[in-house]
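Chemist: Supplied in structure tokens, the structure appears directly below.
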Amino acid sequence: MDTKHLGINSKLIHAGHQADASGSVSVPIYQTSTFAFRNAAHGAALFAGEEEGFIYTRIGNPTIGALEDCVAELESGCGGIATSSGMGAICTVYLALLESGAHMVSTASVYGPSRGLMEKHFSRFGVQSTYVDTSDLTQVERALRPNTKLLYVETPSNPTMQVTDIEQVSALAHAHDCLVVVDNTFASPYLQQPLKLGADVVLHSVTKFINGHADVVGGIIVAQDMDLYQRLRKAMVNSGCNMDPHQAFLVLRGLKTLGIRVERAQHSAMEIAGWLERQPEVKTVRYIGLESHPQHDLAKRQMSGFGSMISFELEGGMEAGRLLMDGVRIATLAVSLGGVETLIEHPASMTHAGLSSEERCAAGFSDGLVRYSVGIEDAEDLIADLRQALDAVSAQSLGRTRERAVSGVVKEPALA
Ligand code: LCS
């Protein structure tokens, strides 16, 4: 069925699905490593690219292909490449688009391992990189060098929730003959389609919103044109970062409800973020749906909704952050995000522990930042959960201050 003209929720259900001879309504799991050739001529034609068909699952597989076609259509790209993980997608992009002597400019608050992979591994092969606040066009312009081949943008960024203007940075990068890759994990294709805004390649950790059920690790890349698609696919096939058919089946199943999951979670996120702003224990709330967010207007223009990721800082800093995580009962203390269950984590000691305190500060967040991924539970239950945890933080912080006062470390504050 041609689904190009359909709305996004219809695409989520139908795009990429070609019924096989059995008429199976859901995409079957082709759990096979290899595919039989009809005869020698058929095998040779497949290898020569003269005939379309499947050869070997690392190169391509019908279940994986259905997912690739669906996400490529959601992102308005020319082809998708599913990978074993989000990091597999990022590694494939670096491998395909950079070489010794090349330079990459990237978002400073990018997901820790995206930076680690470049600085600890690709740097050994002579690839250079610079990290700037990509939401500031001047910083991006200053960082570009004659050998800059790639501008790698994560927007909204993890965990600082900074928003980069994809249209503006793409125009700037293209004027310098530099490709633009966007990590669209936080928005999902339901809320943002970077290729339509000028990016050349978009990628996702499908572990997050696309799958949405905390039961799969995976990634996907979508390219704007055929040449880029071929380069990326070759790098994936040669490096063996492919997805597995069973993994693809689960992601296809999760993907069907992306729209209703995102709509519900972002509705709750707006309510929770507004509520958090009014709590005395909370110093700052970073939610792109709030007018207080510095790039709220840009997010409104560039995205069709604000998503369900909230970062907030507590008045009590690091200690209060830790106490809060031990105090929540409904939100699960775990890394990852974008699932049906609400997750809470502490970036400084978990996802971004690989960065030094100074690097975290340069990336725009302090050690007291808490990241909250809103799931699809009832918003009032999540708010009650946060309130009782904040009460516990206040009670324990006060208790510790008193203990220190008794031991003479600090004076007891006035209980106003
Ligand atoms: N891109 C972003 C924006 C991410 O948040 C992550 C993982 C990745 C790429 C890598 O994807 P993976 O290989 O894990 O599928 N982010 C994580 C996080 O914030 N907590 O745990 C994983």
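Each chain in the structure tokens gets a letter, A, B and so on, in the order shown; residues start at 1 in every chain, and ligands are counted from 1 in the order they appear.
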Got a sec: who's within 12 Å of Thr148 (chain A), counting only C-alpha atoms, leaving out chain neighbours fewer than 3 positions off, as an MDAnalysis selection string?

Modeler: chainID A and resid 97:106 127:130 140:145 151:152 173:180

Chemist: Counting only C-alpha atoms and all ligand atoms, which protein, DNA or RNA residues come within 7 Å of ligand 1, given as a list in words?

Modeler: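 These are the residues that qualify: Ser85, Gly86, Met87, Gly88, Val110, Tyr111, Ser114, Glu154, Ser157, Asn158, Asp183, Thr185, Phe186, His204, Ser205, Val206, Thr207, Val217, Gly218, Gly219, Val335, Ser336, Leu337 and Thr351 of chain A.
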
Chemist: Selection from above, N, CA, C and O atoms, as an mmCIF file, in the first residue's frame, can you write it?

Modeler:
data_model
loop_
_atom_site.group_PDB
_atom_site.id
_atom_site.type_symbol
_atom_site.label_atom_id
_atom_site.label_comp_id
_atom_site.auth_asym_id
_atom_site.auth_seq_id
_atom_site.Cartn_x
_atom_site.Cartn_y
_atom_site.Cartn_z
ATOM 1 N N SER A 85 22.023 -1.147 18.320
ATOM 2 C CA SER A 85 21.763 -0.219 19.437
ATOM 3 C C SER A 85 21.845 1.200 18.899
ATOM 4 O O SER A 85 22.277 1.414 17.753
ATOM 5 N N GLY A 86 21.477 2.157 19.737
ATOM 6 C CA GLY A 86 21.629 3.562 19.347
ATOM 7 C C GLY A 86 23.099 3.874 19.116
ATOM 8 O O GLY A 86 23.474 4.569 18.178
ATOM 9 N N MET A 87 23.970 3.344 19.994
ATOM 10 C CA MET A 87 25.406 3.571 19.818
ATOM 11 C C MET A 87 25.902 2.918 18.527
ATOM 12 O O MET A 87 26.836 3.431 17.903
ATOM 13 N N GLY A 88 25.292 1.796 18.129
ATOM 14 C CA GLY A 88 25.647 1.163 16.850
ATOM 15 C C GLY A 88 25.333 2.118 15.701
ATOM 16 O O GLY A 88 26.092 2.209 14.724
ATOM 17 N N VAL A 110 25.861 16.426 24.499
ATOM 18 C CA VAL A 110 25.458 15.209 23.796
ATOM 19 C C VAL A 110 25.497 14.020 24.774
ATOM 20 O O VAL A 110 26.230 14.045 25.770
ATOM 21 N N TYR A 111 24.734 12.975 24.501
ATOM 22 C CA TYR A 111 24.745 11.756 25.324
ATOM 23 C C TYR A 111 26.203 11.311 25.518
ATOM 24 O O TYR A 111 26.953 11.184 24.529
ATOM 25 N N SER A 114 28.291 9.076 23.107
ATOM 26 C CA SER A 114 28.447 9.610 21.735
ATOM 27 C C SER A 114 29.748 10.404 21.683
ATOM 28 O O SER A 114 30.471 10.387 20.680
ATOM 29 N N GLU A 154 22.447 17.006 18.782
ATOM 30 C CA GLU A 154 21.424 16.274 19.536
ATOM 31 C C GLU A 154 20.411 17.308 20.008
ATOM 32 O O GLU A 154 20.777 18.230 20.744
ATOM 33 N N SER A 157 18.620 18.110 23.775
ATOM 34 C CA SER A 157 19.816 17.394 24.219
ATOM 35 C C SER A 157 19.597 16.718 25.574
ATOM 36 O O SER A 157 18.735 17.113 26.351
ATOM 37 N N ASN A 158 20.425 15.726 25.797
ATOM 38 C CA ASN A 158 20.335 14.856 26.967
ATOM 39 C C ASN A 158 21.448 15.204 27.948
ATOM 40 O O ASN A 158 22.610 14.998 27.608
ATOM 41 N N ASP A 183 20.643 13.628 16.101
ATOM 42 C CA ASP A 183 20.158 12.576 16.990
ATOM 43 C C ASP A 183 18.779 13.033 17.471
ATOM 44 O O ASP A 183 18.650 13.973 18.251
ATOM 45 N N THR A 185 16.499 11.245 19.082
ATOM 46 C CA THR A 185 15.974 10.314 20.076
ATOM 47 C C THR A 185 14.968 10.954 21.028
ATOM 48 O O THR A 185 13.909 10.378 21.310
ATOM 49 N N PHE A 186 15.292 12.156 21.547
ATOM 50 C CA PHE A 186 14.428 12.782 22.561
ATOM 51 C C PHE A 186 13.083 13.221 21.998
ATOM 52 O O PHE A 186 12.102 13.285 22.724
ATOM 53 N N HIS A 204 18.293 7.524 15.663
ATOM 54 C CA HIS A 204 17.585 7.321 16.929
ATOM 55 C C HIS A 204 18.184 6.174 17.710
ATOM 56 O O HIS A 204 18.608 5.176 17.105
ATOM 57 N N SER A 205 18.118 6.294 19.012
ATOM 58 C CA SER A 205 18.199 5.110 19.853
ATOM 59 C C SER A 205 16.744 4.645 19.910
ATOM 60 O O SER A 205 15.901 5.284 20.546
ATOM 61 N N VAL A 206 16.414 3.537 19.234
ATOM 62 C CA VAL A 206 15.012 3.077 19.241
ATOM 63 C C VAL A 206 14.659 2.430 20.578
ATOM 64 O O VAL A 206 13.497 2.141 20.857
ATOM 65 N N THR A 207 15.690 2.243 21.409
ATOM 66 C CA THR A 207 15.517 1.771 22.780
ATOM 67 C C THR A 207 14.523 2.665 23.526
ATOM 68 O O THR A 207 13.870 2.212 24.471
ATOM 69 N N VAL A 217 16.971 -3.016 23.080
ATOM 70 C CA VAL A 217 17.997 -2.014 22.781
ATOM 71 C C VAL A 217 18.169 -2.038 21.263
ATOM 72 O O VAL A 217 18.297 -3.117 20.674
ATOM 73 N N GLY A 218 18.156 -0.883 20.640
ATOM 74 C CA GLY A 218 18.304 -0.850 19.180
ATOM 75 C C GLY A 218 18.495 0.567 18.682
ATOM 76 O O GLY A 218 18.356 1.541 19.430
ATOM 77 N N GLY A 219 18.836 0.672 17.403
ATOM 78 C CA GLY A 219 19.036 1.991 16.808
ATOM 79 C C GLY A 219 18.573 2.012 15.365
ATOM 80 O O GLY A 219 18.300 0.957 14.776
ATOM 81 N N VAL A 335 18.369 4.195 34.394
ATOM 82 C CA VAL A 335 18.720 4.971 33.207
ATOM 83 C C VAL A 335 17.794 4.542 32.070
ATOM 84 O O VAL A 335 16.953 3.672 32.244
ATOM 85 N N SER A 336 17.985 5.161 30.905
ATOM 86 C CA SER A 336 17.098 5.042 29.754
ATOM 87 C C SER A 336 15.895 5.979 29.937
ATOM 88 O O SER A 336 15.773 6.663 30.972
ATOM 89 N N LEU A 337 15.039 6.013 28.938
ATOM 90 C CA LEU A 337 13.960 6.995 28.898
ATOM 91 C C LEU A 337 13.000 6.633 27.771
ATOM 92 O O LEU A 337 13.266 5.723 26.993
ATOM 93 N N THR A 351 24.343 8.453 33.744
ATOM 94 C CA THR A 351 24.576 8.542 32.292
ATOM 95 C C THR A 351 25.751 9.420 31.890
ATOM 96 O O THR A 351 26.367 9.198 30.857
#

Chemist: Pick out the closest residue to Phe365 (chain A) from this set: A:Gly116, A:Pro159, A:Gly79, A:Gly259. Count only C-alpha atoms.

Modeler: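 Going through A:Gly116, A:Pro159, A:Gly79, A:Gly259 one by one, the smallest distance to Phe365 (chain A) is for A:Pro159.
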
Chemist: Could you name the residues that touch Leu137 (chain A) at 10 Å or less, counting only C-alpha atoms, but leaving out those on the same chain fewer than 5 positions away, as an NGL selection string?

Modeler: :A and (132 or 142-143 or 164-165 or 168-169 or 172)

Chemist: Taking the backbone alone, and naming residues the way the document does, which bits of region 117-243 of chain A are helix (DSSP H, G or I) by DSSP, as number ranges by chain?

Modeler: A: 117-125, 137-143, 166-175, 194-197, 226-239

Chemist: Could you write those residues out with N, CA and C atoms, as a tab-separated table (two decimals), in the first residue's frame?

Modeler:
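Generated output (out_23.tsv):
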chain	number	residue	atom	x	y	z
A	117	LEU	N	32.88	7.79	22.44
A	117	LEU	CA	33.26	7.00	21.26
A	117	LEU	C	34.20	7.81	20.37
A	118	MET	N	33.91	9.09	20.21
A	118	MET	CA	34.74	9.95	19.37
A	118	MET	C	36.08	10.22	20.05
A	119	GLU	N	36.03	10.64	21.33
A	119	GLU	CA	37.26	11.11	21.99
A	119	GLU	C	38.19	9.96	22.38
A	120	LYS	N	37.61	8.80	22.68
A	120	LYS	CA	38.46	7.69	23.13
A	120	LYS	C	38.84	6.75	21.99
A	121	HIS	N	38.05	6.67	20.95
A	121	HIS	CA	38.32	5.69	19.89
A	121	HIS	C	38.62	6.33	18.54
A	122	PHE	N	37.69	7.12	18.01
A	122	PHE	CA	37.92	7.69	16.67
A	122	PHE	C	39.12	8.64	16.68
A	123	SER	N	39.40	9.26	17.81
A	123	SER	CA	40.56	10.18	17.89
A	123	SER	C	41.86	9.41	17.61
A	124	ARG	N	41.90	8.11	17.96
A	124	ARG	CA	43.11	7.32	17.72
A	124	ARG	C	43.35	7.09	16.23
A	125	PHE	N	42.31	7.32	15.43
A	125	PHE	CA	42.46	7.18	13.97
A	125	PHE	C	42.56	8.56	13.30
A	137	LEU	N	24.23	29.75	17.50
A	137	LEU	CA	24.76	29.70	16.13
A	137	LEU	C	26.18	30.26	16.04
A	138	THR	N	26.46	31.29	16.83
A	138	THR	CA	27.80	31.91	16.79
A	138	THR	C	28.86	30.90	17.22
A	139	GLN	N	28.55	30.11	18.25
A	139	GLN	CA	29.52	29.10	18.72
A	139	GLN	C	29.76	28.05	17.63
A	140	VAL	N	28.70	27.68	16.93
A	140	VAL	CA	28.84	26.67	15.86
A	140	VAL	C	29.72	27.25	14.76
A	141	GLU	N	29.44	28.48	14.36
A	141	GLU	CA	30.19	29.12	13.27
A	141	GLU	C	31.68	29.20	13.61
A	142	ARG	N	31.97	29.59	14.87
A	142	ARG	CA	33.37	29.73	15.30
A	142	ARG	C	34.09	28.38	15.30
A	143	ALA	N	33.34	27.31	15.57
A	143	ALA	CA	33.97	25.98	15.70
A	143	ALA	C	34.27	25.33	14.34
A	166	ILE	N	17.55	23.49	13.84
A	166	ILE	CA	18.06	22.58	12.80
A	166	ILE	C	18.18	23.30	11.45
A	167	GLU	N	17.19	24.13	11.14
A	167	GLU	CA	17.19	24.82	9.85
A	167	GLU	C	18.40	25.76	9.75
A	168	GLN	N	18.64	26.52	10.82
A	168	GLN	CA	19.74	27.49	10.80
A	168	GLN	C	21.11	26.81	10.76
A	169	VAL	N	21.31	25.80	11.62
A	169	VAL	CA	22.64	25.16	11.64
A	169	VAL	C	22.88	24.38	10.35
A	170	SER	N	21.81	23.85	9.74
A	170	SER	CA	21.99	23.11	8.49
A	170	SER	C	22.43	24.06	7.38
A	171	ALA	N	21.81	25.24	7.31
A	171	ALA	CA	22.20	26.21	6.28
A	171	ALA	C	23.66	26.61	6.47
A	172	LEU	N	24.02	26.85	7.72
A	172	LEU	CA	25.40	27.25	8.02
A	172	LEU	C	26.39	26.13	7.64
A	173	ALA	N	26.09	24.91	8.07
A	173	ALA	CA	27.00	23.79	7.80
A	173	ALA	C	27.11	23.54	6.29
A	174	HIS	N	26.00	23.59	5.59
A	174	HIS	CA	26.04	23.32	4.15
A	174	HIS	C	26.86	24.37	3.40
A	175	ALA	N	26.82	25.60	3.91
A	175	ALA	CA	27.64	26.65	3.28
A	175	ALA	C	29.12	26.35	3.45
A	194	PRO	N	13.84	16.05	11.34
A	194	PRO	CA	15.00	16.89	10.99
A	194	PRO	C	15.32	16.95	9.50
A	195	LEU	N	15.05	15.88	8.73
A	195	LEU	CA	15.40	15.91	7.30
A	195	LEU	C	14.58	16.98	6.58
A	196	LYS	N	13.36	17.20	7.06
A	196	LYS	CA	12.50	18.22	6.44
A	196	LYS	C	13.03	19.63	6.75
A	197	LEU	N	13.86	19.72	7.79
A	197	LEU	CA	14.40	21.02	8.20
A	197	LEU	C	15.81	21.24	7.64
A	226	MET	N	20.19	8.90	-1.63
A	226	MET	CA	20.62	7.53	-1.91
A	226	MET	C	22.11	7.33	-1.71
A	227	ASP	N	22.90	8.35	-2.06
A	227	ASP	CA	24.35	8.23	-1.93
A	227	ASP	C	24.73	8.05	-0.45
A	228	LEU	N	24.16	8.91	0.40
A	228	LEU	CA	24.43	8.80	1.85
A	228	LEU	C	23.92	7.46	2.39
A	229	TYR	N	22.73	7.08	1.93
A	229	TYR	CA	22.14	5.81	2.37
A	229	TYR	C	23.09	4.65	2.08
A	230	GLN	N	23.65	4.61	0.86
A	230	GLN	CA	24.55	3.51	0.46
A	230	GLN	C	25.82	3.51	1.31
A	231	ARG	N	26.37	4.72	1.55
A	231	ARG	CA	27.59	4.81	2.37
A	231	ARG	C	27.33	4.29	3.78
A	232	LEU	N	26.19	4.69	4.33
A	232	LEU	CA	25.86	4.29	5.71
A	232	LEU	C	25.57	2.79	5.78
A	233	ARG	N	24.85	2.28	4.79
A	233	ARG	CA	24.51	0.85	4.83
A	233	ARG	C	25.78	0.00	4.72
A	234	LYS	N	26.69	0.41	3.85
A	234	LYS	CA	27.95	-0.35	3.72
A	234	LYS	C	28.70	-0.38	5.05
A	235	ALA	N	28.75	0.78	5.73
A	235	ALA	CA	29.48	0.84	7.01
A	235	ALA	C	28.81	-0.06	8.04
A	236	MET	N	27.48	-0.08	8.04
A	236	MET	CA	26.76	-0.93	9.00
A	236	MET	C	27.01	-2.41	8.69
A	237	VAL	N	26.89	-2.77	7.41
A	237	VAL	CA	27.04	-4.18	7.02
A	237	VAL	C	28.47	-4.66	7.31
A	238	ASN	N	29.46	-3.81	6.98
A	238	ASN	CA	30.86	-4.23	7.18
A	238	ASN	C	31.25	-4.27	8.66
A	239	SER	N	30.63	-3.42	9.47
A	239	SER	CA	31.02	-3.41	10.89
A	239	SER	C	30.16	-4.38	11.70

Chemist: What is the distance between CA of Asp326 (chain A) and CA of Glu263 (chain A), in Å to one decimal?

Modeler: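 Straight-line distance from CA of Asp326 (chain A) to CA of Glu263 (chain A) works out to 28.6 Å.
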